[in-house]
Structures are given as C-alpha cells and as structure tokens.
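Chemist: Got a structure for you, questions after.
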Amino acid sequence: MAQRNTWQRERVRDALADARGFVSAQTLHATLREENTGIGLATVYRALSGLAASGDADTLQSPDGEALYRACETQAHHHHLICRSCGLTVEIEATDVEQWARRTAALHGFRDAEHVVDIFGLCGACAGIADAAADRAEKA
Ligand SMILES: [Zn+2]
Ligand SMILES: [Zn+2]
Ligand SMILES: [Zn+2]
C-alpha cells in the first residue's frame, strides 16, 4: 500500500505525544477534530495500530477493555503506573516481574514469553482529593 496517509500518521503521532497519559482513539480523534485536521476516526485507529506495531507507541487495555495508546519516553521494555482518575502515567521497571515471568514460563516449557503488567490506581493528588471528598460526605 502506498504511503499516501503519511502526514495523517505524523499528525496522529504528534497528538499522541502531546497527550497527558494513555488515550483512546476516540479521545485523540476528538482532539484532532478540534484542530480541524479532517482526519477520520478510522484513520486514527489505523495510525495508532501502526504506531503500536512499529514500537512507536505503547498500547494497553483499560480496566473496562478499551484500547489505549501512549508515546512513551522509554523505548526499552517497561511497565506503567496509571492514575485512573487524572490519567497521570509513570513508566516503571519491574525487576521482580521480569524474573517471575521468565521463571514461570520456563517452568511450563514456554519460550519467547511476553507479558503485560500495568498498575491502575489513584495518584497522590487524586487520592488526596478523593479523601477530602469522602471527609466532606461523612460530615454532611
Ligand atoms: Zn510505555
Ligand atoms: Zn490522578
Ligand atoms: Zn516486564
């Protein structure tokens, strides 16, 4: 297939780089629409899966099963800590997980094992807000 959609892919790549944390194709499409790029949702989907396939973007599933993407700073294998409220994302190493995954795969005779481990939670700021809201609710 010809590379006639290259500028669109570049535009999607830029929008992804500007995003705060992991974003869905819909979210990115909405951002691009505000900028009047004329890029359709199907093109955004295609660009994102292309970026993920070439290793230019990380992809994961949100707890409700939605595919999310992010242009991470770390190129090497890593994991993520993600705030489910504000989307803050921290790229983390997980040495224990690497060893456990390799050992467990080998134990069952598996080779070329890969794994996806991401932690979803509330960041300190959001937890503080949540605590304050809970306090208010208790006093009310
Ligand atoms: Zn990443
Ligand atoms: Zn947060
Ligand atoms: Zn790992």
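Note on naming: chains are A, B, ... as they come in the structure tokens, residues start from 1 per chain, ligands start from 1 in the order shown.
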For His29 of chain A, work out the shell of residues within 7 Å, counting only C-alpha atoms and skipping chain neighbours fewer than 4 positions away, then give it as number ranges by chain.
Modeler: A: 25, 33, 41, 44
Chemist: Save out the residues we just selected, N, CA and C atoms, as a PDB file, in the first residue's frame.
Modeler:
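Written out: part-v1.pdb:
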```
ATOM      1  N   ALA A  25      -8.496   6.002  20.907  1.00  0.00           N
ATOM      2  CA  ALA A  25      -8.597   6.550  19.549  1.00  0.00           C
ATOM      3  C   ALA A  25      -9.663   7.639  19.499  1.00  0.00           C
ATOM      4  N   ARG A  33     -10.067  16.729  15.786  1.00  0.00           N
ATOM      5  CA  ARG A  33     -11.215  17.387  15.166  1.00  0.00           C
ATOM      6  C   ARG A  33     -11.295  18.848  15.596  1.00  0.00           C
ATOM      7  N   LEU A  41     -11.990   9.013  12.147  1.00  0.00           N
ATOM      8  CA  LEU A  41     -11.740   8.084  13.256  1.00  0.00           C
ATOM      9  C   LEU A  41     -11.056   6.805  12.776  1.00  0.00           C
ATOM     10  N   VAL A  44      -7.465   7.383  12.422  1.00  0.00           N
ATOM     11  CA  VAL A  44      -6.808   7.456  13.734  1.00  0.00           C
ATOM     12  C   VAL A  44      -6.549   6.043  14.248  1.00  0.00           C
TER      13      VAL A  44
END
```
Chemist: Which residues sit within 12 Å of ligand 3, counting only C-alpha atoms and all ligand atoms, listed as a PDB file with C-alpha atoms, in the first residue's frame?
Modeler:
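Here's the written file result38.pdb:
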```pdb
ATOM      1  CA  ALA A  76      13.047  -0.463  26.305  1.00  0.00           C
ATOM      2  CA  HIS A  77      10.585  -2.878  27.875  1.00  0.00           C
ATOM      3  CA  HIS A  78       8.786  -1.268  30.807  1.00  0.00           C
ATOM      4  CA  HIS A  79       5.545  -1.146  32.733  1.00  0.00           C
ATOM      5  CA  HIS A  80       3.117   1.599  33.698  1.00  0.00           C
ATOM      6  CA  GLU A  91       6.923   4.497  33.387  1.00  0.00           C
ATOM      7  CA  ILE A  92       8.312   1.904  35.766  1.00  0.00           C
ATOM      8  CA  GLU A  93      10.709  -1.011  35.838  1.00  0.00           C
ATOM      9  CA  ALA A  94       9.559  -4.243  37.428  1.00  0.00           C
ATOM     10  CA  THR A  95      12.622  -6.393  38.011  1.00  0.00           C
ATOM     11  CA  ASP A  96      10.711  -8.860  40.203  1.00  0.00           C
ATOM     12  CA  VAL A  97       8.096  -9.296  37.488  1.00  0.00           C
ATOM     13  CA  GLU A  98      10.749  -9.953  34.814  1.00  0.00           C
ATOM     14  CA  GLN A  99      12.306 -12.743  36.885  1.00  0.00           C
ATOM     15  CA  TRP A 100       8.980 -14.226  37.885  1.00  0.00           C
ATOM     16  CA  ALA A 101       7.684 -14.198  34.288  1.00  0.00           C
ATOM     17  CA  ARG A 102      10.833 -15.849  32.903  1.00  0.00           C
ATOM     18  CA  ALA A 113       7.273 -15.387  26.637  1.00  0.00           C
ATOM     19  CA  GLU A 114       5.988 -11.834  26.790  1.00  0.00           C
ATOM     20  CA  HIS A 115       3.907 -10.191  29.467  1.00  0.00           C
ATOM     21  CA  VAL A 116       1.856  -7.089  30.082  1.00  0.00           C
ATOM     22  CA  VAL A 117       1.712  -5.758  33.615  1.00  0.00           C
ATOM     23  CA  ASP A 118       0.283  -2.343  34.327  1.00  0.00           C
TER      24      ASP A 118
END
```
Chemist: When you count only C-alpha atoms, which of these residues is closest to Glu73 of chain A: A:Leu51, A:Ala134, A:Ala17, A:Val12?
Modeler: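 Closest residue, counting only C-alpha atoms: A:Ala17.
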Chemist: Looking only at the backbone, which of the residues in chain A does DSSP tag as alpha helix (DSSP H), as a tab-separated table (two decimals) with N, CA and C atoms, in the first residue's frame?
Modeler:
```tsv
chain	number	residue	atom	x	y	z
A	6	THR	N	0.72	9.36	5.08
A	6	THR	CA	1.84	9.59	5.99
A	6	THR	C	1.65	10.84	6.85
A	7	TRP	N	1.19	11.93	6.25
A	7	TRP	CA	1.02	13.17	7.05
A	7	TRP	C	-0.02	12.96	8.14
A	8	GLN	N	-1.03	12.15	7.85
A	8	GLN	CA	-2.06	11.90	8.86
A	8	GLN	C	-1.47	11.10	10.02
A	9	ARG	N	-0.65	10.11	9.66
A	9	ARG	CA	0.01	9.31	10.69
A	9	ARG	C	0.92	10.20	11.55
A	10	GLU	N	1.64	11.10	10.91
A	10	GLU	CA	2.52	12.03	11.64
A	10	GLU	C	1.71	12.93	12.57
A	11	ARG	N	0.56	13.37	12.07
A	11	ARG	CA	-0.33	14.23	12.86
A	11	ARG	C	-0.84	13.48	14.09
A	12	VAL	N	-1.22	12.22	13.89
A	12	VAL	CA	-1.68	11.39	15.00
A	12	VAL	C	-0.54	11.17	15.98
A	13	ARG	N	0.65	10.95	15.45
A	13	ARG	CA	1.82	10.75	16.31
A	13	ARG	C	2.07	11.99	17.18
A	14	ASP	N	1.96	13.18	16.58
A	14	ASP	CA	2.16	14.43	17.32
A	14	ASP	C	1.10	14.58	18.42
A	15	ALA	N	-0.15	14.31	18.06
A	15	ALA	CA	-1.24	14.45	19.03
A	15	ALA	C	-1.03	13.49	20.19
A	16	LEU	N	-0.53	12.30	19.88
A	16	LEU	CA	-0.28	11.30	20.91
A	16	LEU	C	0.85	11.77	21.83
A	17	ALA	N	1.87	12.38	21.25
A	17	ALA	CA	3.00	12.88	22.04
A	17	ALA	C	2.54	13.99	22.98
A	18	ASP	N	1.53	14.77	22.56
A	18	ASP	CA	1.04	15.88	23.37
A	18	ASP	C	0.07	15.43	24.47
A	25	ALA	N	-8.50	6.00	20.91
A	25	ALA	CA	-8.60	6.55	19.55
A	25	ALA	C	-9.66	7.64	19.50
A	26	GLN	N	-10.76	7.43	20.22
A	26	GLN	CA	-11.84	8.42	20.24
A	26	GLN	C	-11.38	9.75	20.81
A	27	THR	N	-10.65	9.69	21.92
A	27	THR	CA	-10.15	10.90	22.56
A	27	THR	C	-9.23	11.66	21.62
A	28	LEU	N	-8.33	10.91	20.98
A	28	LEU	CA	-7.36	11.53	20.08
A	28	LEU	C	-8.08	12.12	18.86
A	29	HIS	N	-9.08	11.40	18.39
A	29	HIS	CA	-9.86	11.87	17.25
A	29	HIS	C	-10.57	13.18	17.58
A	30	ALA	N	-11.10	13.26	18.81
A	30	ALA	CA	-11.79	14.48	19.24
A	30	ALA	C	-10.81	15.66	19.26
A	31	THR	N	-9.59	15.41	19.75
A	31	THR	CA	-8.57	16.46	19.79
A	31	THR	C	-8.24	16.93	18.37
A	32	LEU	N	-8.06	15.97	17.47
A	32	LEU	CA	-7.70	16.31	16.09
A	32	LEU	C	-8.85	17.05	15.40
A	33	ARG	N	-10.07	16.73	15.79
A	33	ARG	CA	-11.22	17.39	15.17
A	33	ARG	C	-11.29	18.85	15.60
A	34	GLU	N	-10.94	19.10	16.88
A	34	GLU	CA	-10.90	20.49	17.34
A	34	GLU	C	-9.90	21.31	16.54
A	41	LEU	N	-11.99	9.01	12.15
A	41	LEU	CA	-11.74	8.08	13.26
A	41	LEU	C	-11.06	6.81	12.78
A	42	ALA	N	-11.48	6.30	11.62
A	42	ALA	CA	-10.88	5.06	11.10
A	42	ALA	C	-9.39	5.25	10.83
A	43	THR	N	-9.03	6.44	10.34
A	43	THR	CA	-7.61	6.75	10.08
A	43	THR	C	-6.83	6.81	11.38
A	44	VAL	N	-7.47	7.38	12.42
A	44	VAL	CA	-6.81	7.46	13.73
A	44	VAL	C	-6.55	6.04	14.25
A	45	TYR	N	-7.56	5.17	14.14
A	45	TYR	CA	-7.39	3.78	14.56
A	45	TYR	C	-6.23	3.13	13.83
A	46	ARG	N	-6.20	3.31	12.50
A	46	ARG	CA	-5.16	2.69	11.68
A	46	ARG	C	-3.79	3.22	12.05
A	47	ALA	N	-3.70	4.54	12.22
A	47	ALA	CA	-2.42	5.16	12.55
A	47	ALA	C	-1.92	4.65	13.90
A	48	LEU	N	-2.83	4.56	14.86
A	48	LEU	CA	-2.44	4.12	16.20
A	48	LEU	C	-1.96	2.67	16.20
A	49	SER	N	-2.68	1.81	15.49
A	49	SER	CA	-2.22	0.41	15.50
A	49	SER	C	-0.92	0.27	14.73
A	50	GLY	N	-0.70	1.13	13.72
A	50	GLY	CA	0.58	1.15	13.01
A	50	GLY	C	1.71	1.59	13.91
A	51	LEU	N	1.46	2.64	14.70
A	51	LEU	CA	2.48	3.15	15.63
A	51	LEU	C	2.79	2.11	16.70
A	52	ALA	N	1.76	1.41	17.15
A	52	ALA	CA	1.97	0.37	18.16
A	52	ALA	C	2.77	-0.78	17.57
A	53	ALA	N	2.46	-1.16	16.32
A	53	ALA	CA	3.13	-2.28	15.69
A	53	ALA	C	4.61	-1.97	15.45
A	95	THR	N	11.61	-5.33	38.04
A	95	THR	CA	12.62	-6.39	38.01
A	95	THR	C	12.07	-7.71	38.55
A	96	ASP	N	11.30	-7.64	39.63
A	96	ASP	CA	10.71	-8.86	40.20
A	96	ASP	C	9.82	-9.56	39.20
A	97	VAL	N	9.03	-8.74	38.47
A	97	VAL	CA	8.10	-9.30	37.49
A	97	VAL	C	8.86	-9.98	36.35
A	98	GLU	N	9.96	-9.36	35.91
A	98	GLU	CA	10.75	-9.95	34.81
A	98	GLU	C	11.23	-11.35	35.20
A	99	GLN	N	11.77	-11.46	36.43
A	99	GLN	CA	12.31	-12.74	36.88
A	99	GLN	C	11.20	-13.76	37.05
A	100	TRP	N	10.12	-13.32	37.66
A	100	TRP	CA	8.98	-14.23	37.89
A	100	TRP	C	8.41	-14.74	36.56
A	101	ALA	N	8.26	-13.83	35.58
A	101	ALA	CA	7.68	-14.20	34.29
A	101	ALA	C	8.58	-15.21	33.57
A	102	ARG	N	9.90	-14.95	33.59
A	102	ARG	CA	10.83	-15.85	32.90
A	102	ARG	C	10.82	-17.23	33.56
A	103	ARG	N	10.85	-17.24	34.88
A	103	ARG	CA	10.88	-18.49	35.63
A	103	ARG	C	9.60	-19.28	35.41
A	104	THR	N	8.46	-18.59	35.49
A	104	THR	CA	7.18	-19.27	35.34
A	104	THR	C	7.01	-19.83	33.94
A	105	ALA	N	7.40	-19.07	32.93
A	105	ALA	CA	7.29	-19.54	31.55
A	105	ALA	C	8.17	-20.77	31.36
A	106	ALA	N	9.41	-20.70	31.85
A	106	ALA	CA	10.36	-21.81	31.69
A	106	ALA	C	9.86	-23.05	32.40
A	107	LEU	N	9.27	-22.85	33.56
A	107	LEU	CA	8.74	-23.95	34.37
A	107	LEU	C	7.69	-24.73	33.59
A	124	GLY	N	-1.29	10.31	44.09
A	124	GLY	CA	-1.35	11.01	45.37
A	124	GLY	C	-2.31	12.18	45.35
A	125	ALA	N	-2.23	13.01	44.30
A	125	ALA	CA	-3.09	14.18	44.21
A	125	ALA	C	-4.56	13.79	44.17
A	126	CYS	N	-4.89	12.81	43.32
A	126	CYS	CA	-6.29	12.38	43.20
A	126	CYS	C	-6.76	11.69	44.47
A	127	ALA	N	-5.88	10.90	45.10
A	127	ALA	CA	-6.24	10.24	46.36
A	127	ALA	C	-6.54	11.29	47.42
A	128	GLY	N	-5.75	12.37	47.43
A	128	GLY	CA	-5.99	13.47	48.37
A	128	GLY	C	-7.34	14.08	48.14
A	129	ILE	N	-7.66	14.31	46.86
A	129	ILE	CA	-8.97	14.88	46.52
A	129	ILE	C	-10.07	13.92	46.94
A	130	ALA	N	-9.86	12.63	46.66
A	130	ALA	CA	-10.87	11.62	46.99
A	130	ALA	C	-11.09	11.57	48.50
A	131	ASP	N	-9.97	11.62	49.26
A	131	ASP	CA	-10.08	11.60	50.73
A	131	ASP	C	-10.87	12.81	51.23
A	132	ALA	N	-10.54	13.99	50.67
A	132	ALA	CA	-11.21	15.20	51.09
A	132	ALA	C	-12.71	15.13	50.79
A	133	ALA	N	-13.06	14.58	49.62
A	133	ALA	CA	-14.47	14.45	49.25
A	133	ALA	C	-15.18	13.48	50.18
A	134	ALA	N	-14.49	12.39	50.54
A	134	ALA	CA	-15.07	11.40	51.45
A	134	ALA	C	-15.30	12.03	52.83
A	135	ASP	N	-14.32	12.86	53.27
A	135	ASP	CA	-14.46	13.55	54.54
A	135	ASP	C	-15.69	14.45	54.54
A	136	ARG	N	-15.84	15.20	53.43
A	136	ARG	CA	-16.98	16.11	53.33
A	136	ARG	C	-18.29	15.33	53.38
A	137	ALA	N	-18.30	14.19	52.66
A	137	ALA	CA	-19.52	13.38	52.60
A	137	ALA	C	-19.86	12.84	53.99
A	138	GLU	N	-18.81	12.47	54.76
A	138	GLU	CA	-19.05	11.95	56.10
A	138	GLU	C	-19.64	13.01	57.03
A	139	LYS	N	-19.11	14.24	56.86
A	139	LYS	CA	-19.56	15.32	57.74
A	139	LYS	C	-20.94	15.84	57.36
```
Chemist: Per residue of chain A within 9 Å of ligand 2, what are the shortest atom pair and its distance in Å to one decimal, counting only C-alpha atoms and all ligand atoms, with rows by chain and residue number, as a Markdown table?
Modeler:
```
| residue | atom | partner | partner_atom_place_in_ligand_line | distance |
| --- | --- | --- | --- | --- |
| A:Ile82 | CA | ligand 2 | 1 (Zn) | 8.0 |
| A:Cys83 | CA | ligand 2 | 1 (Zn) | 4.6 |
| A:Arg84 | CA | ligand 2 | 1 (Zn) | 6.6 |
| A:Ser85 | CA | ligand 2 | 1 (Zn) | 5.0 |
| A:Cys86 | CA | ligand 2 | 1 (Zn) | 4.0 |
| A:Gly87 | CA | ligand 2 | 1 (Zn) | 6.0 |
| A:Leu88 | CA | ligand 2 | 1 (Zn) | 5.5 |
| A:Thr89 | CA | ligand 2 | 1 (Zn) | 8.7 |
| A:Gly121 | CA | ligand 2 | 1 (Zn) | 8.2 |
| A:Leu122 | CA | ligand 2 | 1 (Zn) | 5.4 |
| A:Cys123 | CA | ligand 2 | 1 (Zn) | 4.2 |
| A:Gly124 | CA | ligand 2 | 1 (Zn) | 6.7 |
| A:Ala125 | CA | ligand 2 | 1 (Zn) | 5.8 |
| A:Cys126 | CA | ligand 2 | 1 (Zn) | 4.3 |
| A:Ala127 | CA | ligand 2 | 1 (Zn) | 7.2 |
```
Chemist: Which is closer to ligand 1 than all the others in A:Phe110, A:Glu66, A:Arg20, A:Cys72, using only C-alpha atoms and all ligand atoms?
Modeler: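 Smallest separation from ligand 1 among the options: A:Cys72.
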